[in-house]
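Asker: Questions regarding the structure given below will be posed in turn.
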Number of protein chains: 2
Amino acid sequence: MSLFVQKYGGTSVGTVERIEAVADKVAKFRDQGHDMVVVLSAMSGETNRLIALAQQIQDNPDPRELDVLVSTGEQVTIALLSMALKKRGYDARSYTGGQVRILTDNAHTKARIQAIDEANMRADLEAGRVVVVAGFQGVDEQGNITTLGRGGSDTTGVALAAALKADECQIYTDVDGVYTTDPRVVERARRLDRITFEEMLEMASLGSKVLQIRSVEFAGKYKVPLRVLSSFQEGPGTLITLDEEDDTMEQPIVSGIAFNRDEAKVTLAGVPDTPGVAARILGPVGAANIEVDVIVQNVGADNTTDLTFTVNKGDLKKTVGVLETVAQSIGAREVRGDDRVAKVSIVGVGMRSHAGVASTMFNALAEENINIQMITTSEIKISVIIEERYLELAVRCLHTAFGLDKEPEESRDRG
Amino acid sequence: MSLFVQKYGGTSVGTVERIEAVADKVAKFRDQGHDMVVVLSAMSGETNRLIALAQQIQDNPDPRELDVLVSTGEQVTIALLSMALKKRGYDARSYTGGQVRILTDNAHTKARIQAIDEANMRADLEAGRVVVVAGFQGVDEQGNITTLGRGGSDTTGVALAAALKADECQIYTDVDGVYTTDPRVVERARRLDRITFEEMLEMASLGSKVLQIRSVEFAGKYKVPLRVLSSFQEGPGTLITLDEEDDTMEQPIVSGIAFNRDEAKVTLAGVPDTPGVAARILGPVGAANIEVDVIVQNVGADNTTDLTFTVNKGDLKKTVGVLETVAQSIGAREVRGDDRVAKVSIVGVGMRSHAGVASTMFNALAEENINIQMITTSEIKISVIIEERYLELAVRCLHTAFGLDKEPEESRDRG
């Protein structure tokens, strides 16, 4: 008897038929004697439909009211799944984020979980009920409805697994695991049996849409065993594990190629080069709740400097607005925005013990005549910003350059 | 400066454009300095869409989960209206039933309001905010989401008006007031300037869909001035008032003809005629939360009796089920259900001081060869159950028989 938290995404609950299929799956686990907590997303397309309604009214919908609006999506699916379970003779009870009480801060549309009250869920589990929880949502201390931002249902799943000390958090999606890269871009992309939290974190942060980044952080922090698997086909999926030191098997140098189209580049040019100026620029950007990704600073000729950084494409307009105010106050020359860029990264814990990885990467790109606009590196990742139109080409040539096109010998023994 | 509670129904918020129109209307009242609380229904069709989803899963959806599901409908509209008001520069804040806290009992899908916490709303009104509340919903003491049943948004409006001691509760609908009968059935139906709570109660209870019956009861009990008016055209609507004694104007004998297609007849035949047997029959029906309307008992020849009563068509199957159990335990012969019946009623406070109203009614029906299956009377109402297929004919002939086809002389001076 284990306690499993299972999270089903939008396509897994996209129709009544699919919700019935989820009920069958959950019922099978109950029959094996497991305690079950199920976290659901909204039906696929529903969140976008609701946001489109809001945007018919306000270009930038009021965040508090947007949360009230979009949180209805998951409320629909939890009710329907609970009904489907009851129809099968399994007792079940649905909970909105507020009903659980998943307490968050009050940063509407991108709130962070602060505490989870597990009392009601525990009581239901002890009474033999399946607990069905709305993902993606919570309440702040004043009782306002909040949402965790896109993909937040994964975070809900992992947070509940951590709070309940579940044996495994299983994220059911429309793909059967984590791949070396997006199979839609590289035909020969392969499913990984295992990946470390660190690698997964880098893959997720770069737009591999399998898991939401904060859910992986959470899982790593609270050591929640996390498995990604398909709602639609049987299979072991990909287990996301700690980077075990006793793993004597050869690590591949690069585990995967990640990429992110959702990047826009902003440049503040002609900035007087004085100490603390970067903070005076990025402070207001952070204060406006805009997440900054790659940052590069170049010293110019005339005692001024150019600061370039990337943000989500959706934040570009807002970022340019913030920077125009900053530019005036610090006497910078110009603000430029460019949303035709993308980021490509190679990720692998094996990079730690291998030299020359960067030059392999840059050579592969140079051979395809792809210009690198920005570079950023970490211990297990190298990312470049390139023109968006070269994205697919770049991913394909790197996938080949790092030997990911075919199953490596040593990998066949793993997992 | 007055405090108005305005309630807008499903068609009034059926599209984004209509929600914008509601925002314009509310803004106009704010500009005049009034404090505004707005209660909304779900977008028209949405509640039915959600129920249809549920019924794809369960014929009789689990009531707790059905409430979780359908309560999302109003949550969508309150968010959208709040956005529309903010866009216009009016501060606004949305509240679900649970957020207000509209405390109800736990009779899911037909809960009753027990208490309303007005503190948050008062604070918002004092801060100059428009308060936008989801109609139709509340929470029970355990925090479960409940709904008040169909039309419950009117009840929410009146209950909030009572709790806040509002100057008027204005119910905006797709009709411009209360009519002598349904204009779709009788072309010459006329709008009434005023109607008493008592008359309105009888009209509403008989299926005149302008107002939900419990909202009228509530308004009468707490003396909340209630006005029904159109969202789509200007006009005074119909004011629902106390039956003022000092009203010296001549009352018409009959104010309106009401009808209800949503009736089904159930007969328990061959019941041993012992004291208390009616209670033993109707007790379990009430316990199953089925509302009984007209009740008639006939003494049969063989020391047994037949008990016949009507319920909502939707409750017929359930009622027959309950009665079959009862029939066994008390030794009754047979349970019969018939859903091809309808109820037609004449309503008017003027009936109190006029004799011969019943015979006028029965004669009018007899002239059209309409057979009366059951009769029930109150001080200001006479109702008959007839075959459903004669319904329109019956309403038209009664509208003529009681002189409602044309504006009465004395009525022109009223209101």
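Following the order of the structure tokens, first chain is A, next is B, and so on, with residues numbered from 1 inside each chain and ligands from 1 in the order they appear.
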Please identify all polymer residues within 10 Å of Thr238 in chain A, counting only C-alpha atoms, omitting same-chain residues fewer than 6 positions from it, and present them as a list in words.

Answerer: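 Contacts, with the query itself left out: Gln170, Ile171, Asp176, Gly177, Val178, Tyr179, Arg191, Leu192, Asp193, Arg194, Ile195, Leu226, Arg227, Val228, Leu229, Ser230 and Gly415 of chain A.
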
Asker: Counting only C-alpha atoms, which residues from chain B have an atom at most 10 Å from any atom of chain A, and could you show them as a PyMOL selection string?

Answerer: chain B and resi 15-17+19-20+50+53-87+92-96+98-100+142-145

Asker: Write out as a list in words each polymer residue whose atoms come within 9 Å of range 5-7 of chain B, counting only C-alpha atoms; drop sequence neighbours fewer than 2 positions from it.

Answerer: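 The neighbour list is Leu3, Gly9, Val26, Asp35, Met36, Val37, Val38, Val39, Leu40, Ser41, Gly135, Ser153, Asp154, Thr156, Gly157, Val158, Leu160, Ala161, Leu164, Ala166, Asp167, Glu168, Cys169, Gln170, Ile171, Tyr172 and Thr173 of chain B.
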
Asker: Mind writing the picked residues with N, CA and C atoms as a PDB file, in the first residue's frame?

Answerer:
ATOM      1  N   LEU B   3     -28.566  52.815  -1.834  1.00  0.00           N
ATOM      2  CA  LEU B   3     -27.857  51.555  -2.046  1.00  0.00           C
ATOM      3  C   LEU B   3     -28.767  50.634  -2.850  1.00  0.00           C
ATOM      4  N   GLY B   9     -29.638  38.613 -15.076  1.00  0.00           N
ATOM      5  CA  GLY B   9     -29.805  37.198 -15.407  1.00  0.00           C
ATOM      6  C   GLY B   9     -28.921  36.760 -16.547  1.00  0.00           C
ATOM      7  N   VAL B  26     -24.275  49.945 -14.738  1.00  0.00           N
ATOM      8  CA  VAL B  26     -23.847  50.061 -13.338  1.00  0.00           C
ATOM      9  C   VAL B  26     -23.052  51.357 -13.155  1.00  0.00           C
ATOM     10  N   ASP B  35     -24.471  53.643  -4.140  1.00  0.00           N
ATOM     11  CA  ASP B  35     -23.659  52.468  -3.812  1.00  0.00           C
ATOM     12  C   ASP B  35     -24.263  51.267  -4.518  1.00  0.00           C
ATOM     13  N   MET B  36     -23.401  50.458  -5.121  1.00  0.00           N
ATOM     14  CA  MET B  36     -23.900  49.389  -5.992  1.00  0.00           C
ATOM     15  C   MET B  36     -23.368  48.011  -5.604  1.00  0.00           C
ATOM     16  N   VAL B  37     -24.306  47.078  -5.454  1.00  0.00           N
ATOM     17  CA  VAL B  37     -23.957  45.663  -5.330  1.00  0.00           C
ATOM     18  C   VAL B  37     -24.614  44.963  -6.519  1.00  0.00           C
ATOM     19  N   VAL B  38     -23.841  44.232  -7.280  1.00  0.00           N
ATOM     20  CA  VAL B  38     -24.354  43.593  -8.489  1.00  0.00           C
ATOM     21  C   VAL B  38     -24.265  42.078  -8.335  1.00  0.00           C
ATOM     22  N   VAL B  39     -25.373  41.403  -8.580  1.00  0.00           N
ATOM     23  CA  VAL B  39     -25.428  39.941  -8.496  1.00  0.00           C
ATOM     24  C   VAL B  39     -25.610  39.389  -9.908  1.00  0.00           C
ATOM     25  N   LEU B  40     -24.816  38.411 -10.264  1.00  0.00           N
ATOM     26  CA  LEU B  40     -24.878  37.896 -11.633  1.00  0.00           C
ATOM     27  C   LEU B  40     -25.205  36.411 -11.685  1.00  0.00           C
ATOM     28  N   SER B  41     -25.915  36.072 -12.760  1.00  0.00           N
ATOM     29  CA  SER B  41     -26.099  34.662 -13.119  1.00  0.00           C
ATOM     30  C   SER B  41     -24.949  34.240 -14.015  1.00  0.00           C
ATOM     31  N   GLY B 135     -24.299  34.979  -8.078  1.00  0.00           N
ATOM     32  CA  GLY B 135     -25.600  34.536  -7.610  1.00  0.00           C
ATOM     33  C   GLY B 135     -25.639  33.034  -7.479  1.00  0.00           C
ATOM     34  N   SER B 153     -30.252  32.925  -8.328  1.00  0.00           N
ATOM     35  CA  SER B 153     -29.579  34.222  -8.340  1.00  0.00           C
ATOM     36  C   SER B 153     -30.505  35.339  -7.882  1.00  0.00           C
ATOM     37  N   ASP B 154     -31.801  35.218  -8.198  1.00  0.00           N
ATOM     38  CA  ASP B 154     -32.756  36.207  -7.695  1.00  0.00           C
ATOM     39  C   ASP B 154     -32.761  36.191  -6.173  1.00  0.00           C
ATOM     40  N   THR B 156     -30.371  35.254  -4.202  1.00  0.00           N
ATOM     41  CA  THR B 156     -29.141  35.883  -3.729  1.00  0.00           C
ATOM     42  C   THR B 156     -29.303  37.401  -3.715  1.00  0.00           C
ATOM     43  N   GLY B 157     -29.858  37.957  -4.796  1.00  0.00           N
ATOM     44  CA  GLY B 157     -30.036  39.408  -4.894  1.00  0.00           C
ATOM     45  C   GLY B 157     -30.891  39.932  -3.754  1.00  0.00           C
ATOM     46  N   VAL B 158     -32.022  39.291  -3.524  1.00  0.00           N
ATOM     47  CA  VAL B 158     -32.931  39.777  -2.488  1.00  0.00           C
ATOM     48  C   VAL B 158     -32.310  39.587  -1.104  1.00  0.00           C
ATOM     49  N   LEU B 160     -29.148  39.581  -0.307  1.00  0.00           N
ATOM     50  CA  LEU B 160     -28.124  40.604  -0.090  1.00  0.00           C
ATOM     51  C   LEU B 160     -28.781  41.953   0.185  1.00  0.00           C
ATOM     52  N   ALA B 161     -29.861  42.260  -0.560  1.00  0.00           N
ATOM     53  CA  ALA B 161     -30.565  43.531  -0.341  1.00  0.00           C
ATOM     54  C   ALA B 161     -31.108  43.599   1.084  1.00  0.00           C
ATOM     55  N   LEU B 164     -28.119  43.967   3.578  1.00  0.00           N
ATOM     56  CA  LEU B 164     -27.485  45.292   3.500  1.00  0.00           C
ATOM     57  C   LEU B 164     -28.495  46.422   3.676  1.00  0.00           C
ATOM     58  N   ALA B 166     -30.780  47.422   1.591  1.00  0.00           N
ATOM     59  CA  ALA B 166     -30.711  48.218   0.360  1.00  0.00           C
ATOM     60  C   ALA B 166     -32.017  48.959   0.130  1.00  0.00           C
ATOM     61  N   ASP B 167     -31.968  50.046  -0.622  1.00  0.00           N
ATOM     62  CA  ASP B 167     -33.161  50.838  -0.890  1.00  0.00           C
ATOM     63  C   ASP B 167     -34.075  50.151  -1.893  1.00  0.00           C
ATOM     64  N   GLU B 168     -33.483  49.401  -2.806  1.00  0.00           N
ATOM     65  CA  GLU B 168     -34.305  48.668  -3.766  1.00  0.00           C
ATOM     66  C   GLU B 168     -33.478  47.512  -4.312  1.00  0.00           C
ATOM     67  N   CYS B 169     -34.148  46.404  -4.550  1.00  0.00           N
ATOM     68  CA  CYS B 169     -33.511  45.292  -5.250  1.00  0.00           C
ATOM     69  C   CYS B 169     -34.092  45.250  -6.651  1.00  0.00           C
ATOM     70  N   GLN B 170     -33.229  45.442  -7.633  1.00  0.00           N
ATOM     71  CA  GLN B 170     -33.686  45.544  -9.025  1.00  0.00           C
ATOM     72  C   GLN B 170     -33.263  44.302  -9.794  1.00  0.00           C
ATOM     73  N   ILE B 171     -34.249  43.593 -10.268  1.00  0.00           N
ATOM     74  CA  ILE B 171     -33.967  42.347 -10.989  1.00  0.00           C
ATOM     75  C   ILE B 171     -34.076  42.620 -12.484  1.00  0.00           C
ATOM     76  N   TYR B 172     -32.919  42.623 -13.157  1.00  0.00           N
ATOM     77  CA  TYR B 172     -32.899  42.858 -14.600  1.00  0.00           C
ATOM     78  C   TYR B 172     -33.011  41.532 -15.328  1.00  0.00           C
ATOM     79  N   THR B 173     -33.969  41.478 -16.253  1.00  0.00           N
ATOM     80  CA  THR B 173     -34.188  40.224 -16.973  1.00  0.00           C
ATOM     81  C   THR B 173     -34.344  40.544 -18.454  1.00  0.00           C
TER      82      THR B 173
END

Asker: Over all C-alpha pairs taken in order, what is the RMSD once chain A has been least-squares superposed onto chain B?

Answerer: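 Result of the CA superposition: 0.1 Å.
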
Asker: Just the residues within 8 Å of Glu388 in chain A, please, counting only C-alpha atoms, with nothing from its chain fewer than 6 positions along; format it as a list in words.

Answerer: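 Counting only C-alpha atoms, the residues come to Arg261, Arg340, Val341 and Ala342 of chain A.
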
Asker: What does the file look like for those residues with all heavy atoms, as an mmCIF file, in the first residue's frame?

Answerer:
data_model
loop_
_atom_site.group_PDB
_atom_site.id
_atom_site.type_symbol
_atom_site.label_atom_id
_atom_site.label_comp_id
_atom_site.auth_asym_id
_atom_site.auth_seq_id
_atom_site.Cartn_x
_atom_site.Cartn_y
_atom_site.Cartn_z
ATOM 1 N N ARG A 261 11.390 28.880 -27.538
ATOM 2 C CA ARG A 261 11.031 29.926 -28.502
ATOM 3 C C ARG A 261 10.515 31.166 -27.803
ATOM 4 O O ARG A 261 10.424 32.241 -28.394
ATOM 5 C CB ARG A 261 9.893 29.438 -29.405
ATOM 6 C CG ARG A 261 10.225 28.291 -30.282
ATOM 7 C CD ARG A 261 8.951 27.881 -31.045
ATOM 8 N NE ARG A 261 9.027 26.481 -31.428
ATOM 9 C CZ ARG A 261 9.598 26.053 -32.562
ATOM 10 N NH1 ARG A 261 10.104 26.919 -33.404
ATOM 11 N NH2 ARG A 261 9.658 24.770 -32.843
ATOM 12 N N ARG A 340 12.324 38.124 -32.104
ATOM 13 C CA ARG A 340 12.576 37.053 -33.083
ATOM 14 C C ARG A 340 13.811 36.246 -32.692
ATOM 15 O O ARG A 340 14.636 35.926 -33.540
ATOM 16 C CB ARG A 340 12.719 37.644 -34.475
ATOM 17 C CG ARG A 340 11.378 38.160 -35.059
ATOM 18 C CD ARG A 340 11.666 39.219 -36.080
ATOM 19 N NE ARG A 340 12.537 40.220 -35.477
ATOM 20 C CZ ARG A 340 13.296 41.073 -36.155
ATOM 21 N NH1 ARG A 340 13.327 41.034 -37.454
ATOM 22 N NH2 ARG A 340 14.047 41.950 -35.505
ATOM 23 N N VAL A 341 13.964 35.976 -31.403
ATOM 24 C CA VAL A 341 15.113 35.182 -30.965
ATOM 25 C C VAL A 341 14.627 33.912 -30.262
ATOM 26 O O VAL A 341 13.459 33.804 -29.898
ATOM 27 C CB VAL A 341 16.025 35.987 -30.003
ATOM 28 C CG1 VAL A 341 16.571 37.229 -30.697
ATOM 29 C CG2 VAL A 341 15.289 36.346 -28.731
ATOM 30 N N ALA A 342 15.526 32.972 -30.113
ATOM 31 C CA ALA A 342 15.203 31.735 -29.409
ATOM 32 C C ALA A 342 16.457 31.271 -28.684
ATOM 33 O O ALA A 342 17.565 31.738 -28.975
ATOM 34 C CB ALA A 342 14.730 30.664 -30.379
#

Asker: Closest to Phe197 in chain B among B:Ala287, B:Val347, B:Val384, B:Ala269, using only C-alpha atoms?

Answerer: B:Val347

Asker: Can you tell me which residues surround Met203 in chain A at a distance of at most 12 Å, considering only C-alpha atoms, apart from same-chain residues fewer than 2 positions away, and format the answer as a tab-separated table (two decimals) with N, CA, C and O atoms, in the first residue's frame?

Answerer:
chain	number	residue	atom	x	y	z
A	178	VAL	N	10.47	11.87	-20.77
A	178	VAL	CA	11.34	12.98	-21.12
A	178	VAL	C	12.24	12.52	-22.26
A	178	VAL	O	12.82	11.44	-22.19
A	179	TYR	N	12.36	13.32	-23.28
A	179	TYR	CA	13.13	12.96	-24.47
A	179	TYR	C	14.45	13.74	-24.53
A	179	TYR	O	14.60	14.78	-23.88
A	180	THR	N	15.35	13.20	-25.36
A	180	THR	CA	16.63	13.90	-25.56
A	180	THR	C	16.40	15.29	-26.15
A	180	THR	O	17.17	16.20	-25.90
A	181	THR	N	15.34	15.44	-26.92
A	181	THR	CA	14.87	16.77	-27.34
A	181	THR	C	13.46	16.59	-27.86
A	181	THR	O	12.89	15.48	-27.80
A	182	ASP	N	12.85	17.65	-28.37
A	182	ASP	CA	11.47	17.58	-28.83
A	182	ASP	C	11.38	16.72	-30.09
A	182	ASP	O	11.96	17.07	-31.12
A	195	ILE	N	16.51	10.67	-15.58
A	195	ILE	CA	17.19	11.95	-15.74
A	195	ILE	C	17.34	12.51	-14.33
A	195	ILE	O	16.52	12.19	-13.45
A	196	THR	N	18.39	13.26	-14.08
A	196	THR	CA	18.53	13.81	-12.73
A	196	THR	C	17.66	15.06	-12.58
A	196	THR	O	17.28	15.68	-13.56
A	197	PHE	N	17.34	15.39	-11.33
A	197	PHE	CA	16.59	16.62	-11.07
A	197	PHE	C	17.26	17.83	-11.70
A	197	PHE	O	16.61	18.68	-12.29
A	198	GLU	N	18.59	17.86	-11.55
A	198	GLU	CA	19.33	19.03	-12.07
A	198	GLU	C	19.16	19.16	-13.57
A	198	GLU	O	18.90	20.23	-14.10
A	199	GLU	N	19.33	18.02	-14.26
A	199	GLU	CA	19.17	18.05	-15.71
A	199	GLU	C	17.74	18.42	-16.09
A	199	GLU	O	17.50	19.24	-16.97
A	200	MET	N	16.81	17.81	-15.40
A	200	MET	CA	15.40	18.07	-15.70
A	200	MET	C	15.09	19.53	-15.50
A	200	MET	O	14.33	20.14	-16.26
A	201	LEU	N	15.67	20.09	-14.45
A	201	LEU	CA	15.45	21.51	-14.14
A	201	LEU	C	15.91	22.37	-15.30
A	201	LEU	O	15.22	23.30	-15.72
A	205	SER	N	13.40	24.43	-17.63
A	205	SER	CA	13.53	25.89	-17.63
A	205	SER	C	13.73	26.40	-19.03
A	205	SER	O	13.54	27.57	-19.32
A	206	LEU	N	14.11	25.52	-19.92
A	206	LEU	CA	14.38	25.93	-21.29
A	206	LEU	C	13.21	25.66	-22.20
A	206	LEU	O	13.31	25.75	-23.40
A	207	GLY	N	12.10	25.31	-21.64
A	207	GLY	CA	10.91	25.21	-22.46
A	207	GLY	C	10.53	23.81	-22.86
A	207	GLY	O	9.58	23.62	-23.59
A	208	SER	N	11.25	22.80	-22.40
A	208	SER	CA	10.76	21.43	-22.61
A	208	SER	C	9.48	21.34	-21.83
A	208	SER	O	9.47	21.43	-20.62
A	209	LYS	N	8.39	21.18	-22.53
A	209	LYS	CA	7.10	21.42	-21.88
A	209	LYS	C	6.59	20.24	-21.09
A	209	LYS	O	5.45	20.21	-20.67
A	210	VAL	N	7.42	19.25	-20.87
A	210	VAL	CA	6.97	18.07	-20.16
A	210	VAL	C	6.58	18.40	-18.72
A	210	VAL	O	5.54	17.97	-18.24
A	211	LEU	N	7.37	19.17	-18.05
A	211	LEU	CA	7.12	19.48	-16.65
A	211	LEU	C	7.36	20.96	-16.41
A	211	LEU	O	8.24	21.57	-17.02
A	212	GLN	N	6.60	21.50	-15.47
A	212	GLN	CA	6.79	22.90	-15.15
A	212	GLN	C	7.98	23.03	-14.20
A	212	GLN	O	8.13	22.26	-13.26
A	213	ILE	N	8.83	24.01	-14.46
A	213	ILE	CA	10.10	24.12	-13.75
A	213	ILE	C	9.94	24.14	-12.22
A	213	ILE	O	10.68	23.46	-11.51
A	216	VAL	N	9.67	20.82	-10.59
A	216	VAL	CA	10.91	20.05	-10.49
A	216	VAL	C	11.77	20.58	-9.34
A	216	VAL	O	12.34	19.80	-8.57
A	217	GLU	N	11.83	21.89	-9.22
A	217	GLU	CA	12.54	22.49	-8.07
A	217	GLU	C	12.00	21.95	-6.76
A	217	GLU	O	12.73	21.49	-5.89
A	240	ILE	N	12.56	10.79	-12.53
A	240	ILE	CA	13.47	11.89	-12.26
A	240	ILE	C	14.04	11.67	-10.87
A	240	ILE	O	13.30	11.59	-9.89
A	254	VAL	N	26.17	14.68	-22.81
A	254	VAL	CA	24.98	15.55	-22.92
A	254	VAL	C	23.75	14.65	-22.90
A	254	VAL	O	23.67	13.68	-23.66
A	255	SER	N	22.82	14.94	-22.02
A	255	SER	CA	21.60	14.13	-21.94
A	255	SER	C	20.53	14.61	-22.90
A	255	SER	O	19.71	13.82	-23.37
A	256	GLY	N	20.50	15.91	-23.14
A	256	GLY	CA	19.43	16.40	-24.00
A	256	GLY	C	19.70	17.79	-24.55
A	256	GLY	O	20.57	18.51	-24.07
A	257	ILE	N	18.95	18.10	-25.58
A	257	ILE	CA	19.00	19.43	-26.18
A	257	ILE	C	17.66	20.11	-25.88
A	257	ILE	O	16.61	19.61	-26.30
A	258	ALA	N	17.72	21.21	-25.17
A	258	ALA	CA	16.49	21.92	-24.85
A	258	ALA	C	16.45	23.20	-25.66
A	258	ALA	O	17.48	23.71	-26.11
A	259	PHE	N	15.25	23.72	-25.84
A	259	PHE	CA	15.15	25.00	-26.54
A	259	PHE	C	13.92	25.75	-26.07
A	259	PHE	O	13.03	25.17	-25.44
A	260	ASN	N	13.89	27.02	-26.33
A	260	ASN	CA	12.79	27.86	-25.89
A	260	ASN	C	12.56	28.96	-26.90
A	260	ASN	O	13.40	29.82	-27.11
A	343	LYS	N	16.26	30.38	-27.72
A	343	LYS	CA	17.39	29.89	-26.95
A	343	LYS	C	17.54	28.39	-27.18
A	343	LYS	O	16.56	27.65	-27.17
A	344	VAL	N	18.77	27.94	-27.39
A	344	VAL	CA	19.05	26.51	-27.52
A	344	VAL	C	20.11	26.15	-26.50
A	344	VAL	O	21.08	26.90	-26.32
A	345	SER	N	19.94	25.01	-25.84
A	345	SER	CA	20.88	24.62	-24.79
A	345	SER	C	21.21	23.15	-24.87
A	345	SER	O	20.38	22.34	-25.25
A	346	ILE	N	22.43	22.84	-24.47
A	346	ILE	CA	22.78	21.44	-24.26
A	346	ILE	C	22.86	21.24	-22.75
A	346	ILE	O	23.32	22.11	-22.00
A	347	VAL	N	22.36	20.10	-22.29
A	347	VAL	CA	22.22	19.84	-20.86
A	347	VAL	C	22.79	18.46	-20.54
A	347	VAL	O	22.50	17.50	-21.25
A	348	GLY	N	23.56	18.37	-19.48
A	348	GLY	CA	24.03	17.05	-19.07
A	348	GLY	C	24.93	17.12	-17.85
A	348	GLY	O	25.85	17.94	-17.79
A	349	VAL	N	24.68	16.26	-16.86
A	349	VAL	CA	25.55	16.24	-15.68
A	349	VAL	C	26.96	15.76	-16.06
A	349	VAL	O	27.93	16.05	-15.38
A	380	ILE	N	26.16	22.44	-15.74
A	380	ILE	CA	25.65	21.30	-16.51
A	380	ILE	C	24.88	21.76	-17.74
A	380	ILE	O	24.06	21.02	-18.29
A	381	LYS	N	25.12	22.99	-18.19
A	381	LYS	CA	24.34	23.51	-19.32
A	381	LYS	C	25.10	24.59	-20.05
A	381	LYS	O	25.82	25.39	-19.43
A	382	ILE	N	24.98	24.63	-21.36
A	382	ILE	CA	25.45	25.77	-22.14
A	382	ILE	C	24.29	26.22	-23.02
A	382	ILE	O	23.71	25.39	-23.74
A	383	SER	N	23.94	27.51	-22.94
A	383	SER	CA	22.83	28.03	-23.73
A	383	SER	C	23.33	29.12	-24.66
A	383	SER	O	24.23	29.89	-24.32

Asker: List every residue of range 168-389 of chain B that DSSP, applied to the backbone of this structure, places in strand (DSSP E), and write the result as a PyMOL selection string.

Answerer: chain B and resi 168-173+178-179+191-192+194-196+226-230+238-241+256-272+292-299+304-312+334-347+374-378+381-387

Asker: For the residues selected in the previous step, produce a file with C-alpha atoms as a compact mmCIF listing (two decimals), in the first residue's frame.

Answerer:
# COMPACT_ATOMS: atom_id res chain seq x y z
CA GLU B 168 -34.31 48.67 -3.77
CA CYS B 169 -33.51 45.29 -5.25
CA GLN B 170 -33.69 45.54 -9.02
CA ILE B 171 -33.97 42.35 -10.99
CA TYR B 172 -32.90 42.86 -14.60
CA THR B 173 -34.19 40.22 -16.97
CA VAL B 178 -44.48 41.20 -14.92
CA TYR B 179 -47.27 40.45 -17.38
CA ARG B 191 -47.28 44.58 -18.43
CA LEU B 192 -48.43 45.37 -14.88
CA ARG B 194 -47.46 47.04 -9.82
CA ILE B 195 -48.26 43.73 -8.33
CA THR B 196 -48.42 42.71 -4.68
CA LEU B 226 -38.37 44.65 -5.54
CA ARG B 227 -38.48 45.84 -9.12
CA VAL B 228 -38.41 43.70 -12.24
CA LEU B 229 -37.12 45.44 -15.32
CA SER B 230 -35.47 44.87 -18.67
CA THR B 238 -43.01 46.28 -12.49
CA LEU B 239 -42.73 47.21 -8.84
CA ILE B 240 -43.60 44.48 -6.40
CA THR B 241 -45.14 46.06 -3.33
CA GLY B 256 -52.88 37.48 -14.01
CA ILE B 257 -53.05 33.99 -15.40
CA ALA B 258 -50.14 31.80 -14.41
CA PHE B 259 -49.28 28.36 -15.63
CA ASN B 260 -46.69 25.68 -15.13
CA ARG B 261 -45.81 22.95 -17.59
CA ASP B 262 -43.29 21.47 -15.20
CA GLU B 263 -45.81 19.38 -13.27
CA ALA B 264 -46.20 15.65 -13.10
CA LYS B 265 -49.00 13.81 -11.38
CA VAL B 266 -48.46 10.81 -9.12
CA THR B 267 -51.25 8.65 -7.78
CA LEU B 268 -51.01 6.06 -5.03
CA ALA B 269 -54.12 3.96 -5.46
CA GLY B 270 -55.80 1.54 -3.08
CA VAL B 271 -54.41 2.97 0.12
CA PRO B 272 -55.95 1.49 3.32
CA VAL B 292 -45.02 18.38 -3.54
CA ASP B 293 -47.50 20.82 -5.01
CA VAL B 294 -51.22 20.08 -5.41
CA ILE B 295 -52.54 17.23 -3.19
CA VAL B 296 -55.96 15.61 -3.57
CA GLN B 297 -57.34 12.63 -1.67
CA ASN B 298 -60.42 10.70 -2.81
CA VAL B 299 -62.20 8.11 -0.70
CA THR B 304 -59.41 2.36 0.51
CA THR B 305 -58.46 5.79 -0.74
CA ASP B 306 -56.50 7.25 -3.66
CA LEU B 307 -53.92 9.94 -2.95
CA THR B 308 -52.88 12.07 -5.91
CA PHE B 309 -50.30 14.86 -5.89
CA THR B 310 -48.07 16.73 -8.27
CA VAL B 311 -44.29 17.16 -8.29
CA ASN B 312 -41.80 18.70 -10.71
CA GLU B 334 -50.60 0.68 -7.15
CA VAL B 335 -48.37 3.66 -8.03
CA ARG B 336 -49.13 5.60 -11.22
CA GLY B 337 -47.14 8.49 -12.71
CA ASP B 338 -48.27 10.89 -15.45
CA ASP B 339 -46.06 13.64 -16.80
CA ARG B 340 -48.46 14.94 -19.44
CA VAL B 341 -50.22 17.39 -17.16
CA ALA B 342 -49.96 21.13 -16.56
CA LYS B 343 -51.28 23.60 -14.06
CA VAL B 344 -53.19 26.80 -14.86
CA SER B 345 -54.10 29.38 -12.22
CA ILE B 346 -55.87 32.66 -11.89
CA VAL B 347 -54.29 35.03 -9.37
CA MET B 374 -57.47 18.43 -9.88
CA ILE B 375 -58.44 21.69 -8.22
CA THR B 376 -56.75 23.63 -5.47
CA THR B 377 -57.58 27.06 -4.12
CA SER B 378 -56.13 29.70 -1.87
CA LYS B 381 -55.58 31.93 -6.35
CA ILE B 382 -57.46 29.08 -8.01
CA SER B 383 -55.41 26.40 -9.77
CA VAL B 384 -56.45 23.49 -11.91
CA ILE B 385 -54.49 20.55 -13.26
CA ILE B 386 -55.38 19.75 -16.85
CA GLU B 387 -53.98 17.74 -19.72
